[in-house]
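**Q** Input: one structure, supplied below.
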Amino acid sequence: MLAMEYRGPKRVRAVQKPMPEIKHPEDAIVRVTRSCICGSDLHLYNGNVPDTRVGSTFGHEFVGEVVEIGPDVTNVKVGDNVIVPFNVSCGRCYFCKQGMFGNCHQANAMATAVGGIFGYSHTAGGFDGGQAEYARVPYANVGPTVIPPGMDLDDAVLLTDVVPTGYQAAEMAGIQKGDTVLVFGAGPVGIMAARCAWLFGAGRVIVLDKEDYRLEFVRNYAPCEAYNFEEIGDPVLFIKKQTDWLGADCVIDAVGAEAAGNALQTITGRKTLLQAGSATALHWAINAVKKGGVVSIVGVYGPTDNLVPIGNAMNKGLTIRGNQTSVKRLLPRLIDHVQSGRLNPKALITHRMPMEEVADGYRLFSAKLDNCIKPILLP
Ligand code: NAD
Ligand code: ZN
């Protein structure tokens with residue numbers, strides 16, 4: 001089968017690989033019909049995630065048809081078209097039982113902070129991903145969810161990550177009716193977070209990024225006020241002025257580690273973020289939120305990254321929340337939001353390409369070329 005393969009930082013290609021096989025009675029094999037490239041893949045692509053092995057296949061946002069099941073799979077059958085959440089979760093550990101599918105204790109044998117994630121290095125369990133024609137889906141009774149009849153596959157594939165992550169960002173932000181919500185980042189996740197903020201009762205939504213085409217998109221899509229942070233002077237001061245000097249009620253970080261790229265240091269062979277100046281989205285978030293406010297972090301950081309100015313956070317009485325998204329927990333209500341038209345995820349898709357062009361997809365999305373917001377692969 002044709003699959004994406006990682007060759008080293010900024011080097012990926014499409015290659016022929018052996019077909020995945022059932023290895024456990026609860027596995028399923030899925031023939032992938034749509035597969036996205038995600039901002040999270042860029043951390044891998046840039047070589048910033050420890051134990052990302054050459055030869056591995058990325059891809060944690062995919063939907064497809066079940067073509068084979070192990071003897072213990074009962075929740076899906078051959079022929080079903082399924083949404084595959086990006087989390088690999090066992091469904092029965094202490095954390096899964098609380099709906100914390102993103103923190104499964106069982107799926108990631110490495111027992112790092114993160115649970116299992118498809119195509120996300122051996123730090124996240126070492127599972128091959130879905131940027132391929134076929135994928136092995138472990139714990140197939142837990143994650144895979146049958147796509148409702150009539151749902152567009154382009155909408156369905158964004159339910160594997162971007163929609164739930166934007167939604168969970170807004171949920172964790174603890175938005176109260178009428179709140180001013182500030183979102184850092186107008187990538188697919190920030191765009192969806194801005195849109196979802198309204199579902200939680202926001203009174204005003206402001207987004208900051210530096211890519212004008214993304215700002216233009218989110219301004220119309222969320223809709224919201226959107227500013228280029230390179231053109232507004234000090235972003236913290238700007239937000240204070242916009243909010244009667246109080247600060248935003250809730251702030252969402254939908255940027256993650258790359259924004260602090262200039263502070264990357266290499267320690268024992270892996271890159272770690274240390275003392276990354278004050279120009280990171282997370283610093284701005286903590287300084288631009290009002291006293292007693294909430295900072296919701298969905299942008300991804302490495303396990304040992306240490307970017308919180310704890311003095312400001314403590315003295316302001318902030319609540320700081322973050323997590324990998326628990327996709328499965330949110331799917332029923334998000335399917336409802338899509339079916340009712342309250343959320344229109346497929347509008348984010350700007351580029352569609354065959355597997356053979358996976359390297360172009362990474363290049364465009366990573367460098368923000370050709371007004372790229374969300375590229376999808378059609379294996
Ligand atoms: P993306 O790379 O397309 O978007 C990030 C955006 O942030 C870009 O548009 C960039 O211009 C902007 N940006 C850079 N520095 C900034 C700054 N200082 N202030 C404001 N904006 C800035 O990525 P994406 O797909 O939208 O994902 C965003 C983040 O969310 C990534 O870190 C990704 O790993 C993470 N993510 C987390 C989860 C989760 O479960 N928590 C799931 C999916 C994605
Ligand atoms: Zn993703």
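Residue numbers start at 1 in each chain; chains themselves are named A, B, ... in the order of the structure tokens; ligands are numbered from 1 in the order shown.
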Give as a list in words the residues surrounding ligand 2 up to a distance of 7 Å, considering only C-alpha atoms and all ligand atoms.
**A** Cys38, Gly39, Ser40, Asp41, His60, Glu61, Asp161 and Val162 of chain A
**Q** Emit the selected residues as a PDB file, in the first residue's frame, including N, CA and C atoms.
**A**
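Wrote result.pdb, looks like this:
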ATOM      1  N   CYS A  38      -2.121  17.856  10.029  1.00  0.00           N
ATOM      2  CA  CYS A  38      -2.516  18.682  11.175  1.00  0.00           C
ATOM      3  C   CYS A  38      -1.338  19.519  11.669  1.00  0.00           C
ATOM      4  N   GLY A  39      -1.635  20.615  12.345  1.00  0.00           N
ATOM      5  CA  GLY A  39      -0.588  21.410  12.993  1.00  0.00           C
ATOM      6  C   GLY A  39       0.245  20.557  13.931  1.00  0.00           C
ATOM      7  N   SER A  40      -0.361  19.555  14.518  1.00  0.00           N
ATOM      8  CA  SER A  40       0.401  18.657  15.401  1.00  0.00           C
ATOM      9  C   SER A  40       1.430  17.858  14.610  1.00  0.00           C
ATOM     10  N   ASP A  41       1.125  17.552  13.354  1.00  0.00           N
ATOM     11  CA  ASP A  41       2.107  16.836  12.524  1.00  0.00           C
ATOM     12  C   ASP A  41       3.344  17.694  12.278  1.00  0.00           C
ATOM     13  N   HIS A  60      -3.074  11.268  12.169  1.00  0.00           N
ATOM     14  CA  HIS A  60      -3.993  10.926  13.260  1.00  0.00           C
ATOM     15  C   HIS A  60      -5.390  11.464  12.985  1.00  0.00           C
ATOM     16  N   GLU A  61      -5.615  11.966  11.770  1.00  0.00           N
ATOM     17  CA  GLU A  61      -6.945  12.498  11.436  1.00  0.00           C
ATOM     18  C   GLU A  61      -7.425  11.759  10.199  1.00  0.00           C
ATOM     19  N   ASP A 161     -10.371  15.377  14.970  1.00  0.00           N
ATOM     20  CA  ASP A 161      -9.467  16.200  15.786  1.00  0.00           C
ATOM     21  C   ASP A 161      -9.845  17.680  15.824  1.00  0.00           C
ATOM     22  N   VAL A 162      -9.847  18.336  14.663  1.00  0.00           N
ATOM     23  CA  VAL A 162      -9.942  19.802  14.663  1.00  0.00           C
ATOM     24  C   VAL A 162     -11.212  20.308  15.346  1.00  0.00           C
TER      25      VAL A 162
END
**Q** Which residues sit within 8 Å of ligand 1, counting only C-alpha atoms and all ligand atoms, listed as an MDAnalysis selection string?
**A** chainID A and resid 38:43 102 161:162 165 169 183:191 207:211 214 229 253:260 279:282 284 297:301 322:326 365:366 368 373:374
**Q** Select, from A:Cys196, A:Ala288, A:Val295, A:Leu331, the residue with the minimum atom-to-atom distance to Ile147 of chain A, counting only C-alpha atoms.
**A**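 With only C-alpha atoms as the atom set, the closest residue is A:Leu331.
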**Q** With only C-alpha atoms as the counted atoms, please give the residues lying no more than 12 Å from Pro138 of chain A, apart from itself and same-chain residues fewer than 2 positions off, as a ChimeraX atom specification.
**A** /A:20-30,69-70,72-73,84-91,106-108,116-118,125-129,135-136,140-144
**Q** Could you save those same residues with N, CA and C atoms as a compact mmCIF listing (two decimals), in the first residue's frame?
**A**
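Okay, this is what ended up in part_21.txt:
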# COMPACT_ATOMS: atom_id res chain seq x y z
N PRO A 20 -1.07 -3.26 6.69
CA PRO A 20 -1.17 -3.53 8.13
C PRO A 20 -1.96 -4.81 8.37
N GLU A 21 -1.67 -5.47 9.50
CA GLU A 21 -2.34 -6.73 9.82
C GLU A 21 -2.96 -6.65 11.20
N ILE A 22 -3.98 -7.45 11.41
CA ILE A 22 -4.58 -7.60 12.74
C ILE A 22 -3.53 -8.23 13.65
N LYS A 23 -3.23 -7.55 14.78
CA LYS A 23 -2.22 -8.09 15.70
C LYS A 23 -2.85 -8.51 17.02
N HIS A 24 -4.08 -8.07 17.24
CA HIS A 24 -4.75 -8.30 18.52
C HIS A 24 -6.23 -8.53 18.22
N PRO A 25 -6.91 -9.35 19.02
CA PRO A 25 -8.33 -9.64 18.72
C PRO A 25 -9.24 -8.41 18.66
N GLU A 26 -8.81 -7.29 19.26
CA GLU A 26 -9.66 -6.09 19.23
C GLU A 26 -9.23 -5.09 18.16
N ASP A 27 -8.36 -5.49 17.24
CA ASP A 27 -7.93 -4.60 16.16
C ASP A 27 -8.94 -4.59 15.00
N ALA A 28 -8.95 -3.51 14.27
CA ALA A 28 -9.64 -3.47 12.97
C ALA A 28 -8.68 -2.89 11.94
N ILE A 29 -8.90 -3.23 10.69
CA ILE A 29 -8.14 -2.60 9.60
C ILE A 29 -9.12 -1.71 8.84
N VAL A 30 -8.68 -0.47 8.60
CA VAL A 30 -9.53 0.52 7.94
C VAL A 30 -8.89 0.93 6.61
N ILE A 69 -11.88 -7.19 10.74
CA ILE A 69 -11.95 -7.00 12.20
C ILE A 69 -11.39 -8.24 12.89
N GLY A 70 -10.84 -8.01 14.09
CA GLY A 70 -10.39 -9.11 14.92
C GLY A 70 -11.60 -9.81 15.55
N ASP A 72 -12.63 -10.24 18.51
CA ASP A 72 -13.31 -9.62 19.66
C ASP A 72 -13.93 -8.26 19.35
N VAL A 73 -13.95 -7.88 18.08
CA VAL A 73 -14.54 -6.57 17.75
C VAL A 73 -16.04 -6.74 17.53
N VAL A 84 -12.36 7.88 12.97
CA VAL A 84 -11.38 7.30 13.90
C VAL A 84 -10.78 8.43 14.74
N PRO A 85 -11.18 8.57 16.02
CA PRO A 85 -10.60 9.62 16.86
C PRO A 85 -9.08 9.55 16.86
N PHE A 86 -8.43 10.70 17.01
CA PHE A 86 -6.96 10.67 16.96
C PHE A 86 -6.35 9.94 18.15
N ASN A 87 -7.09 9.84 19.25
CA ASN A 87 -6.58 9.13 20.42
C ASN A 87 -6.69 7.63 20.24
N VAL A 88 -5.66 6.90 20.67
CA VAL A 88 -5.78 5.45 20.80
C VAL A 88 -6.07 5.21 22.28
N SER A 89 -7.25 4.67 22.59
CA SER A 89 -7.68 4.54 23.99
C SER A 89 -8.25 3.16 24.25
N CYS A 90 -7.95 2.63 25.42
CA CYS A 90 -8.38 1.26 25.73
C CYS A 90 -9.83 1.19 26.16
N GLY A 91 -10.37 2.31 26.68
CA GLY A 91 -11.77 2.34 27.08
C GLY A 91 -12.05 1.77 28.46
N GLN A 106 -3.36 2.86 29.21
CA GLN A 106 -3.03 1.54 28.70
C GLN A 106 -2.42 1.60 27.30
N ALA A 107 -2.96 2.50 26.47
CA ALA A 107 -2.60 2.48 25.05
C ALA A 107 -1.15 2.89 24.82
N ASN A 108 -0.63 3.74 25.69
CA ASN A 108 0.76 4.18 25.50
C ASN A 108 1.65 3.47 26.51
N GLY A 116 -2.19 7.39 24.04
CA GLY A 116 -1.82 6.90 22.71
C GLY A 116 -2.37 7.84 21.63
N ILE A 117 -1.58 8.07 20.60
CA ILE A 117 -2.03 8.87 19.45
C ILE A 117 -1.55 8.18 18.17
N PHE A 118 -2.44 8.06 17.20
CA PHE A 118 -2.04 7.48 15.91
C PHE A 118 -0.92 8.30 15.28
N GLY A 125 3.15 6.18 21.91
CA GLY A 125 2.72 4.79 21.78
C GLY A 125 3.29 4.04 20.59
N GLY A 126 3.86 4.78 19.61
CA GLY A 126 4.49 4.08 18.48
C GLY A 126 3.52 3.45 17.49
N PHE A 127 2.32 4.03 17.37
CA PHE A 127 1.34 3.49 16.41
C PHE A 127 1.57 4.11 15.04
N ASP A 128 1.49 3.30 14.00
CA ASP A 128 1.54 3.87 12.66
C ASP A 128 0.24 4.63 12.42
N GLY A 129 0.34 5.67 11.60
CA GLY A 129 -0.80 6.56 11.41
C GLY A 129 -1.58 6.30 10.14
N ALA A 135 -4.95 1.45 7.54
CA ALA A 135 -4.39 1.65 8.89
C ALA A 135 -4.93 0.58 9.84
N ARG A 136 -4.06 0.18 10.75
CA ARG A 136 -4.50 -0.73 11.83
C ARG A 136 -5.06 0.14 12.96
N ALA A 140 -10.61 -1.37 18.69
CA ALA A 140 -11.61 -0.92 17.72
C ALA A 140 -13.02 -0.87 18.29
N ASN A 141 -13.23 -1.42 19.51
CA ASN A 141 -14.55 -1.27 20.13
C ASN A 141 -14.72 0.09 20.78
N VAL A 142 -13.62 0.84 20.91
CA VAL A 142 -13.67 2.08 21.70
C VAL A 142 -13.78 3.33 20.81
N GLY A 143 -12.78 3.56 19.97
CA GLY A 143 -12.71 4.83 19.23
C GLY A 143 -13.62 4.92 18.02
N PRO A 144 -13.49 4.00 17.06
CA PRO A 144 -14.19 4.17 15.79
C PRO A 144 -15.70 4.35 15.97
**Q** Record the distance separating atom CA of Ser340 of chain A and atom CA of Ile83 of chain A, expressed in Å with one decimal.
**A** 18.2 Å
**Q** Name the residues of segment 157-347 of chain A that fall into strand (DSSP E or B) according to DSSP on the backbone, using the chain letters and numbers of this document, as an NGL selection string.
**A** :A and (180-184 or 204-209 or 225-228 or 248-253 or 264-267 or 270-274 or 289-297 or 306 or 319-322)
**Q** DSSP on the backbone, then: every residue of segment 213-364 of chain A marked alpha helix (DSSP H), written as a ChimeraX atom specification.
**A** /A:213-221,235-242,281-288,310-315,327-339,358-364
**Q** What are the nearest atom pairs, with distances in Å to one decimal, for all residues of segment 130-224 of chain A that come at most 9 Å from segment 3-19 of chain A, using only C-alpha atoms, set out by chain and rising residue number as JSON lines?
**A**
{"residue": "A:Gly130", "atom": "CA", "partner": "A:Ala3", "partner_atom": "CA", "distance": 8.2}
{"residue": "A:Gln131", "atom": "CA", "partner": "A:Met4", "partner_atom": "CA", "distance": 5.6}
{"residue": "A:Ala132", "atom": "CA", "partner": "A:Ala3", "partner_atom": "CA", "distance": 3.9}
{"residue": "A:Glu133", "atom": "CA", "partner": "A:Ala3", "partner_atom": "CA", "distance": 6.3}
{"residue": "A:Tyr134", "atom": "CA", "partner": "A:Met19", "partner_atom": "CA", "distance": 6.9}
{"residue": "A:Ala135", "atom": "CA", "partner": "A:Met19", "partner_atom": "CA", "distance": 8.2}
**Q** Between atom CA of Ala226 of chain A and atom CA of Ala197 of chain A, what is the spacing in Å?
**A**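 Calculated distance between atom CA of Ala197 of chain A and atom CA of Ala226 of chain A is 14.2 Å.
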